$ cat input05.csv   # CSV, C-alpha atoms and all ligand atoms
chain,number,residue,atom,x,y,z
A,1345,MET,CA,-38.2,-7.6,61.0
A,1346,LYS,CA,-37.9,-4.6,58.8
A,1347,THR,CA,-40.5,-2.5,57.0
A,1348,ILE,CA,-40.2,-2.6,53.2
A,1349,ALA,CA,-42.0,-0.2,50.9
A,1350,VAL,CA,-42.4,-1.4,47.3
A,1351,LEU,CA,-43.4,1.4,44.8
A,1352,GLY,CA,-45.2,0.2,41.7
A,1353,ALA,CA,-47.3,-3.0,42.0
A,1354,GLY,CA,-46.9,-4.3,38.4
A,1355,THR,CA,-45.0,-7.3,37.0
A,1356,MET,CA,-42.0,-6.7,39.2
A,1357,GLY,CA,-43.4,-4.8,42.2
A,1358,HIS,CA,-45.9,-7.5,43.2
A,1359,GLY,CA,-43.2,-10.1,43.1
A,1360,ILE,CA,-40.8,-8.0,45.1
A,1361,ALA,CA,-43.5,-7.4,47.7
A,1362,GLN,CA,-44.2,-11.2,47.8
A,1363,VAL,CA,-40.5,-12.2,48.5
A,1364,ALA,CA,-40.0,-9.4,51.0
A,1365,ALA,CA,-43.1,-10.6,53.0
A,1366,GLN,CA,-42.1,-14.2,52.6
A,1367,GLY,CA,-38.7,-13.2,54.1
A,1368,GLY,CA,-40.6,-12.0,57.2
A,1369,HIS,CA,-40.8,-8.3,56.5
A,1370,ALA,CA,-43.7,-6.0,57.0
A,1371,THR,CA,-44.4,-4.9,53.5
A,1372,LEU,CA,-46.3,-1.9,52.0
A,1373,LEU,CA,-47.2,-2.2,48.4
A,1374,TYR,CA,-48.0,1.2,46.7
A,1375,ASP,CA,-49.2,2.0,43.2
A,1376,VAL,CA,-50.3,5.4,41.8
A,1377,GLU,CA,-53.2,3.9,39.9
A,1378,GLU,CA,-56.5,3.5,41.7
A,1379,GLY,CA,-56.8,-0.2,42.6
A,1380,GLY,CA,-53.3,-0.9,41.3
A,1381,ALA,CA,-51.8,-2.0,44.7
A,1382,GLU,CA,-54.8,-4.2,45.4
A,1383,ALA,CA,-54.4,-5.8,42.0
A,1384,GLY,CA,-50.7,-6.4,42.8
A,1385,LEU,CA,-51.7,-8.0,46.1
A,1386,GLU,CA,-54.2,-10.2,44.2
A,1387,ARG,CA,-51.3,-11.4,42.0
A,1388,VAL,CA,-49.3,-12.3,45.1
A,1389,ARG,CA,-52.3,-14.3,46.4
A,1390,ARG,CA,-52.6,-16.2,43.1
A,1391,ASN,CA,-48.8,-17.0,43.1
A,1392,LEU,CA,-49.1,-18.3,46.7
A,1393,GLU,CA,-52.2,-20.3,45.9
A,1394,LYS,CA,-50.3,-21.9,43.0
A,1395,GLY,CA,-47.4,-22.6,45.3
A,1396,VAL,CA,-49.7,-24.3,47.8
A,1397,SER,CA,-51.3,-26.4,45.0
A,1398,LEU,CA,-47.8,-27.5,43.8
A,1399,GLY,CA,-46.8,-28.3,47.4
A,1400,LYS,CA,-44.0,-25.6,47.4
A,1401,VAL,CA,-45.7,-23.3,49.9
A,1402,ASP,CA,-47.6,-24.5,53.0
A,1403,PRO,CA,-51.0,-22.9,53.7
A,1404,GLU,CA,-49.7,-21.4,57.0
A,1405,GLN,CA,-46.9,-19.7,55.2
A,1406,ARG,CA,-49.3,-18.4,52.6
A,1407,ALA,CA,-51.5,-16.8,55.3
A,1408,GLU,CA,-48.5,-15.3,57.1
A,1409,THR,CA,-47.1,-13.8,53.9
A,1410,LEU,CA,-50.4,-12.2,52.9
A,1411,GLY,CA,-50.8,-11.0,56.5
A,1412,ARG,CA,-47.5,-9.0,56.2
A,1413,ILE,CA,-48.5,-7.1,53.0
A,1414,ARG,CA,-50.6,-4.0,53.0
A,1415,ALA,CA,-51.7,-2.4,49.8
A,1416,THR,CA,-52.0,1.4,49.7
A,1417,SER,CA,-52.5,4.2,47.2
A,1418,SER,CA,-50.8,6.7,49.5
A,1419,LEU,CA,-47.1,7.4,49.1
A,1420,PRO,CA,-46.6,8.9,52.6
A,1421,VAL,CA,-48.3,5.8,54.1
A,1422,ALA,CA,-46.1,3.5,52.1
A,1423,VAL,CA,-42.7,5.1,52.9
A,1424,SER,CA,-43.1,7.0,56.2
A,1425,GLU,CA,-41.9,4.1,58.3
A,1426,ALA,CA,-39.8,2.3,55.8
A,1427,ASP,CA,-36.3,0.9,56.4
A,1428,LEU,CA,-35.9,0.1,52.7
A,1429,VAL,CA,-37.8,1.5,49.8
A,1430,ILE,CA,-37.7,-0.4,46.5
A,1431,GLU,CA,-39.0,1.3,43.4
A,1432,ALA,CA,-40.5,-0.7,40.5
A,1433,VAL,CA,-42.3,1.9,38.4
A,1434,PRO,CA,-42.0,2.1,34.6
A,1435,GLU,CA,-38.6,2.5,33.0
A,1436,SER,CA,-38.4,6.3,32.7
A,1437,LEU,CA,-35.6,8.4,34.1
A,1438,GLU,CA,-37.9,11.4,34.6
A,1439,LEU,CA,-40.5,9.4,36.4
A,1440,LYS,CA,-38.0,7.7,38.7
A,1441,ARG,CA,-36.2,10.9,39.5
A,1442,ARG,CA,-39.5,12.7,40.4
A,1443,LEU,CA,-40.7,9.8,42.5
A,1444,PHE,CA,-37.4,9.6,44.5
A,1445,GLU,CA,-37.5,13.3,45.2
A,1446,ASP,CA,-40.9,12.8,46.8
A,1447,VAL,CA,-39.7,9.7,48.6
A,1448,GLU,CA,-36.7,11.5,50.0
A,1449,GLY,CA,-38.9,14.1,51.7
A,1450,GLN,CA,-41.3,11.5,53.2
A,1451,ALA,CA,-39.2,8.5,54.2
A,1452,PRO,CA,-37.1,8.3,57.4
A,1453,GLU,CA,-33.6,9.8,57.2
A,1454,THR,CA,-32.2,6.3,57.8
A,1455,ALA,CA,-34.1,4.5,55.0
A,1456,VAL,CA,-32.2,2.9,52.2
A,1457,LEU,CA,-33.6,3.8,48.7
A,1458,ALA,CA,-33.3,1.3,45.9
A,1459,THR,CA,-34.4,1.1,42.2
A,1460,ASN,CA,-35.2,-2.0,40.3
A,1461,THR,CA,-34.3,-0.3,37.0
A,1462,SER,CA,-33.1,-2.8,34.4
A,1463,SER,CA,-31.1,-0.4,32.3
A,1464,LEU,CA,-31.0,3.2,33.6
A,1465,SER,CA,-27.9,4.6,35.3
A,1466,ILE,CA,-28.1,4.6,39.1
A,1467,ASP,CA,-26.0,7.8,39.2
A,1468,ALA,CA,-28.4,9.5,36.7
A,1469,ILE,CA,-31.4,8.6,38.9
A,1470,ALA,CA,-29.5,9.7,42.0
A,1471,GLN,CA,-28.8,13.2,40.6
A,1472,ALA,CA,-32.1,14.5,42.0
A,1473,LEU,CA,-31.3,13.3,45.5
A,1474,ALA,CA,-29.9,15.2,48.5
A,1475,ARG,CA,-28.5,12.0,50.0
A,1476,PRO,CA,-27.2,9.8,47.1
A,1477,ASP,CA,-25.1,7.8,49.6
A,1478,ARG,CA,-28.2,5.9,50.6
A,1479,PHE,CA,-29.3,5.1,47.1
A,1480,MET,CA,-28.5,1.9,45.1
A,1481,GLY,CA,-29.8,-0.6,42.6
A,1482,LEU,CA,-31.5,-3.8,43.5
A,1483,HIS,CA,-32.2,-5.5,40.1
A,1484,PHE,CA,-34.6,-8.4,40.5
A,1485,PHE,CA,-35.5,-10.9,37.7
A,1486,ASN,CA,-38.8,-11.9,36.4
A,1487,PRO,CA,-40.7,-13.9,37.8
A,1488,VAL,CA,-39.3,-12.5,41.1
A,1489,HIS,CA,-40.7,-15.3,43.3
A,1490,ILE,CA,-38.8,-17.9,41.3
A,1491,MET,CA,-35.6,-16.3,40.1
A,1492,ALA,CA,-32.7,-16.5,42.5
A,1493,LEU,CA,-30.5,-13.7,41.3
A,1494,VAL,CA,-30.5,-10.0,42.4
A,1495,GLU,CA,-27.9,-7.6,40.9
A,1496,VAL,CA,-26.9,-5.2,43.7
A,1497,ILE,CA,-25.7,-2.0,41.9
A,1498,ARG,CA,-23.3,0.3,43.5
A,1499,GLY,CA,-23.6,3.9,42.2
A,1500,SER,CA,-20.5,6.1,42.3
A,1501,ARG,CA,-21.9,7.8,45.4
A,1502,THR,CA,-23.5,4.8,47.1
A,1503,GLY,CA,-22.3,4.4,50.7
A,1504,GLU,CA,-21.1,1.3,52.4
A,1505,GLU,CA,-24.0,1.3,54.9
A,1506,ALA,CA,-26.5,1.2,52.1
A,1507,MET,CA,-24.6,-1.6,50.3
A,1508,ASP,CA,-24.5,-3.6,53.5
A,1509,SER,CA,-28.2,-3.2,54.1
A,1510,GLY,CA,-29.1,-4.0,50.5
A,1511,LEU,CA,-26.9,-7.2,50.5
A,1512,ARG,CA,-28.3,-8.3,53.9
A,1513,PHE,CA,-31.9,-7.8,52.7
A,1514,VAL,CA,-31.2,-9.9,49.5
A,1515,ARG,CA,-29.7,-12.7,51.5
A,1516,GLU,CA,-32.5,-12.6,54.1
A,1517,ILE,CA,-35.2,-13.2,51.4
A,1518,GLY,CA,-33.2,-16.2,50.1
A,1519,LYS,CA,-31.8,-14.7,46.9
A,1520,GLU,CA,-28.2,-14.6,45.8
A,1521,PRO,CA,-26.7,-11.1,45.3
A,1522,ILE,CA,-23.9,-10.2,43.0
A,1523,VAL,CA,-22.3,-6.8,43.3
A,1524,VAL,CA,-22.0,-4.8,40.0
A,1525,LYS,CA,-20.9,-1.2,39.5
A,1526,ASP,CA,-23.2,1.2,37.7
A,1527,SER,CA,-22.4,0.4,34.1
A,1528,PRO,CA,-24.7,0.0,31.1
A,1529,GLY,CA,-26.5,-3.4,31.1
A,1530,PHE,CA,-25.0,-4.2,34.5
A,1531,ALA,CA,-23.7,-7.8,34.3
A,1532,SER,CA,-26.7,-9.8,33.2
A,1533,SER,CA,-28.1,-7.8,30.3
A,1534,ARG,CA,-24.7,-7.0,28.9
A,1535,LEU,CA,-23.7,-10.7,28.7
A,1536,GLY,CA,-27.1,-12.0,27.8
A,1537,VAL,CA,-27.6,-9.5,25.0
A,1538,ALA,CA,-24.1,-10.1,23.6
A,1539,LEU,CA,-24.9,-13.8,23.3
A,1540,GLY,CA,-28.4,-13.2,21.8
A,1541,LEU,CA,-27.1,-10.8,19.2
A,1542,GLU,CA,-24.3,-13.3,18.1
A,1543,ALA,CA,-26.9,-16.1,17.8
A,1544,MET,CA,-29.0,-13.8,15.5
A,1545,ARG,CA,-26.0,-13.0,13.4
A,1546,MET,CA,-25.4,-16.8,13.1
A,1547,VAL,CA,-29.0,-17.3,11.8
A,1548,GLU,CA,-28.4,-14.4,9.4
A,1549,GLU,CA,-25.3,-16.0,8.0
A,1550,GLY,CA,-27.0,-19.4,7.8
A,1551,VAL,CA,-24.5,-21.1,10.2
A,1552,ALA,CA,-27.4,-23.2,11.7
A,1553,ASP,CA,-31.1,-22.9,12.3
A,1554,PRO,CA,-32.5,-21.3,15.5
A,1555,HIS,CA,-33.3,-24.7,17.1
A,1556,ALA,CA,-29.7,-26.0,16.5
A,1557,ILE,CA,-28.1,-22.8,17.8
A,1558,ASP,CA,-30.3,-23.0,21.0
A,1559,ARG,CA,-29.5,-26.7,21.5
A,1560,ALA,CA,-25.8,-25.9,21.2
A,1561,MET,CA,-26.1,-23.7,24.3
A,1562,GLU,CA,-28.6,-25.9,26.1
A,1563,LEU,CA,-26.8,-29.2,25.7
A,1564,GLY,CA,-23.2,-27.9,25.1
A,1565,TYR,CA,-23.1,-25.3,27.9
A,1566,ARG,CA,-26.1,-26.4,30.1
A,1567,HIS,CA,-28.0,-23.1,29.6
A,1568,PRO,CA,-31.6,-23.9,30.7
A,1569,MET,CA,-32.8,-22.1,27.5
A,1570,GLY,CA,-31.0,-21.1,24.3
A,1571,PRO,CA,-30.4,-17.4,23.4
A,1572,LEU,CA,-33.0,-17.3,20.6
A,1573,LYS,CA,-35.8,-18.9,22.5
A,1574,LEU,CA,-35.0,-16.5,25.4
A,1575,THR,CA,-35.2,-13.6,22.9
A,1576,ASP,CA,-38.6,-14.8,21.9
A,1577,LEU,CA,-39.8,-14.8,25.5
A,1578,VAL,CA,-38.3,-11.4,26.4
A,1579,GLY,CA,-39.7,-9.9,23.1
A,1580,LEU,CA,-37.6,-8.9,20.1
A,1581,ASP,CA,-38.7,-5.3,20.4
A,1582,VAL,CA,-37.4,-5.2,24.0
A,1583,ARG,CA,-34.1,-6.8,23.0
A,1584,LEU,CA,-33.7,-4.3,20.1
A,1585,GLY,CA,-34.2,-1.4,22.6
A,1586,ILE,CA,-31.6,-2.8,25.0
A,1587,ALA,CA,-29.1,-3.6,22.2
A,1588,SER,CA,-29.5,-0.1,20.7
A,1589,TYR,CA,-28.9,1.4,24.2
A,1590,LEU,CA,-25.8,-0.7,24.9
A,1591,HIS,CA,-24.4,0.0,21.4
A,1592,GLU,CA,-24.8,3.7,22.0
A,1593,GLU,CA,-23.5,3.8,25.5
A,1594,LEU,CA,-20.6,1.3,25.2
A,1595,GLU,CA,-19.7,2.1,21.6
A,1596,GLN,CA,-18.9,-1.5,20.9
A,1597,GLU,CA,-19.6,-2.9,17.5
A,1598,HIS,CA,-20.8,-6.3,18.8
A,1599,PHE,CA,-23.8,-4.5,20.3
A,1600,ARG,CA,-25.0,-3.1,17.0
A,1601,PRO,CA,-28.4,-4.7,16.5
A,1602,PRO,CA,-28.2,-7.0,13.4
A,1603,GLU,CA,-30.3,-6.4,10.3
A,1604,ILE,CA,-32.4,-9.6,11.0
A,1605,LEU,CA,-33.5,-8.1,14.4
A,1606,HIS,CA,-34.6,-4.8,12.8
A,1607,ARG,CA,-36.4,-6.6,10.0
A,1608,MET,CA,-38.3,-9.0,12.3
A,1609,VAL,CA,-39.4,-6.2,14.6
A,1610,ALA,CA,-40.6,-4.2,11.6
A,1611,GLU,CA,-42.6,-7.2,10.4
A,1612,GLY,CA,-44.3,-7.5,13.8
A,1613,LYS,CA,-42.4,-10.7,14.7
A,1614,LEU,CA,-41.9,-9.9,18.4
A,1615,GLY,CA,-41.6,-13.4,19.8
A,1616,LYS,CA,-44.1,-15.3,21.9
A,1617,LYS,CA,-46.3,-12.3,22.6
A,1618,SER,CA,-47.0,-11.9,18.8
A,1619,GLY,CA,-47.2,-15.6,18.0
A,1620,GLU,CA,-43.9,-15.6,16.0
A,1621,GLY,CA,-40.3,-14.7,16.5
A,1622,PHE,CA,-37.4,-17.1,15.9
A,1623,TYR,CA,-40.0,-19.8,16.6
A,1624,ARG,CA,-43.8,-20.1,16.0
A,1625,TRP,CA,-45.7,-19.9,19.2
A,1626,ASP,CA,-49.1,-21.6,18.8
A,1627,ASP,CA,-50.5,-24.5,20.8
B,1,LIG,N1,-40.6,-6.8,33.6
B,1,LIG,C1,-39.4,-7.3,33.7
B,1,LIG,O1,-39.1,-8.4,33.3
B,1,LIG,C2,-38.3,-6.5,34.5
B,1,LIG,C3,-37.2,-7.2,35.0
B,1,LIG,C4,-36.3,-6.5,35.7
B,1,LIG,C5,-36.5,-5.1,36.0
B,1,LIG,N2,-37.6,-4.5,35.4
B,1,LIG,C6,-37.7,-3.1,35.7
B,1,LIG,O2,-38.7,-2.9,36.8
B,1,LIG,C7,-39.4,-1.7,36.6
B,1,LIG,C8,-40.9,-2.0,36.6
B,1,LIG,O3,-41.2,-2.8,35.5
B,1,LIG,P1,-42.5,-3.7,35.4
B,1,LIG,O4,-42.3,-4.7,34.3
B,1,LIG,O5,-42.9,-4.2,36.7
B,1,LIG,O6,-43.6,-2.6,35.0
B,1,LIG,P2,-45.2,-2.6,35.0
B,1,LIG,O7,-45.6,-1.7,34.0
B,1,LIG,O8,-45.6,-4.1,35.0
B,1,LIG,O9,-45.5,-2.0,36.5
B,1,LIG,C9,-45.3,-0.7,36.8
B,1,LIG,C10,-46.3,-0.2,37.8
B,1,LIG,O10,-45.9,1.0,38.3
B,1,LIG,C11,-47.1,1.8,38.5
B,1,LIG,N3,-46.8,3.2,38.4
B,1,LIG,C12,-46.6,4.1,37.4
B,1,LIG,N4,-46.2,5.3,37.8
B,1,LIG,C13,-46.1,5.2,39.2
B,1,LIG,C14,-45.8,6.1,40.2
B,1,LIG,N5,-45.4,7.4,39.9
B,1,LIG,N6,-45.8,5.7,41.5
B,1,LIG,C15,-46.2,4.4,41.8
B,1,LIG,N7,-46.5,3.5,40.9
B,1,LIG,C16,-46.5,3.9,39.6
B,1,LIG,C17,-48.0,1.4,37.3
B,1,LIG,O11,-49.4,1.7,37.6
B,1,LIG,C18,-47.7,-0.1,37.3
B,1,LIG,O12,-48.6,-0.9,38.1
B,1,LIG,C19,-38.9,-1.0,35.4
B,1,LIG,O13,-37.8,-0.1,35.8
B,1,LIG,C20,-38.3,-2.2,34.6
B,1,LIG,O14,-37.2,-1.8,33.7
B,1,LIG,C21,-38.5,-5.1,34.7
$ encode --input "input05.csv" --output "structure tokens"
Amino acid sequence: MKTIAVLGAGTMGHGIAQVAAQGGHATLLYDVEEGGAEAGLERVRRNLEKGVSLGKVDPEQRAETLGRIRATSSLPVAVSEADLVIEAVPESLELKRRLFEDVEGQAPETAVLATNTSSLSIDAIAQALARPDRFMGLHFFNPVHIMALVEVIRGSRTGEEAMDSGLRFVREIGKEPIVVKDSPGFASSRLGVALGLEAMRMVEEGVADPHAIDRAMELGYRHPMGPLKLTDLVGLDVRLGIASYLHEELEQEHFRPPEILHRMVAEGKLGKKSGEGFYRWDD
């Protein structure tokens, strides 16, 4: 059993704490907001209760998992005995750099440090670190307790020991790791966004309607969900942000956000969260 510290108890952090504890690890869940870590732990409790009611988690496992997680609002308490620290605070380079500088001074020398960033460069975050060899990316997917994939990101200075520990941890918690080098959009976002943007250009050109384009991928390629429906779920504004970033970083024309995406975001059609995107989302 290892000790895992999860920093940030929001959408991703509470899920990462849950799967770490389910994998048998002593887990400390930290959030800077007063009551934030307890709120994250409450979300874990609700996930597990739902699992029990669906027959996917047995009550004993629920109790054991909850017994392994401790919520704290103290960073030193969270990291001082950690073997692995996983950061899941908001997507800001400055914030992550500052946090890891603090962590480096308070975690054991042997601890592996990982970020769950979905788009920032691992090397850029590691610039603030004295020991970048123990730093890497562990990119989980939402909802963490359900999605099987973890992208394990190797920065240019990530050492073999850290990579081995990260890969072992991912397998221990029952997820499937893929190793990706530190490159914009890693593997998943780069491919997923390319497909989504092409689907939007096809709507723009009148090739087919959104439902038909999605069904082409769902039935023709066995994707569980078509690229436009997925864009509605992720949020058109989020997709626009990632596409603009990839276009800038990779300088490839196919990542230029299409006009239809700019227009829909400007009109407030952000997908499911606003009630309309490529689909209407009412009852
Ligand atoms: N939401 C997703 O679908 C998703 C998927 C993969 C990766 N990510 C990445 O995971 C990270 C977290 O995203 P999220 O959606 O969970 O965000 P979130 O806003 O739901 O949660 C972030 C949490 O961090 C806390 N926080 C802020 N500053 C902190 C600090 N200095 N120390 C400790 N806690 C702090 C906040 O109070 C909040 O509870 C981001 O880097 C994001 O890009 C998100």
$ residues_near_ligand --input "input05.csv" --ligand "ligand LIG 1 (chain B)" --cutoff "6 Å" --atoms "all atoms listed in the file" --output "PyMOL selection string"
chain A and resi 1351-1357+1375-1377+1380+1432-1435+1443+1460-1462+1483-1486
$ atom_distance --input "input05.csv" --atom1 "atom CA of A:Val1523" --atom2 "atom CA of A:Glu1495"
6.1 Å
$ atom_distance --input "input05.csv" --atom1 "atom CA of A:Ile1604" --atom2 "atom CA of A:Gly1579"
14.1 Å
$ residues_near_point --input "input05.csv" --point "(-29.9, -22.2, 18.2)" --cutoff "9 Å" --atoms "only C-alpha atoms" --output "PyMOL selection string"
chain A and resi 1543-1544+1546-1547+1552-1562+1570-1573
$ residues_around --input "input05.csv" --residues "A:Ala1407" --least-positions-apart "6" --cutoff "12 Å" --atoms "only C-alpha atoms" --output "CSV table (one decimal) with C-alpha atoms, in the coordinates of the input"
chain,number,residue,atom,x,y,z
A,1362,GLN,CA,-44.2,-11.2,47.8
A,1365,ALA,CA,-43.1,-10.6,53.0
A,1366,GLN,CA,-42.1,-14.2,52.6
A,1388,VAL,CA,-49.3,-12.3,45.1
A,1389,ARG,CA,-52.3,-14.3,46.4
A,1392,LEU,CA,-49.1,-18.3,46.7
A,1393,GLU,CA,-52.2,-20.3,45.9
A,1396,VAL,CA,-49.7,-24.3,47.8
A,1401,VAL,CA,-45.7,-23.3,49.9
A,1413,ILE,CA,-48.5,-7.1,53.0
$ residues_near_point --input "input05.csv" --point "(-41.2, -21.7, 13.6)" --cutoff "12 Å" --atoms "only C-alpha atoms" --output "VMD selection string"
chain A and resid 1553 to 1555 1572 to 1573 1576 1613 1615 to 1616 1619 to 1626
$ closest_residue --input "input05.csv" --among "A:Lys1525, A:Lys1394, A:Arg1534, A:Arg1412" --to "A:Val1496" --atoms "only C-alpha atoms"
A:Lys1525
$ closest_residue --input "input05.csv" --among "A:Ser1618, A:Asn1391, A:Thr1459, A:Ser1527" --to "A:Leu1590" --atoms "only C-alpha atoms"
A:Ser1527
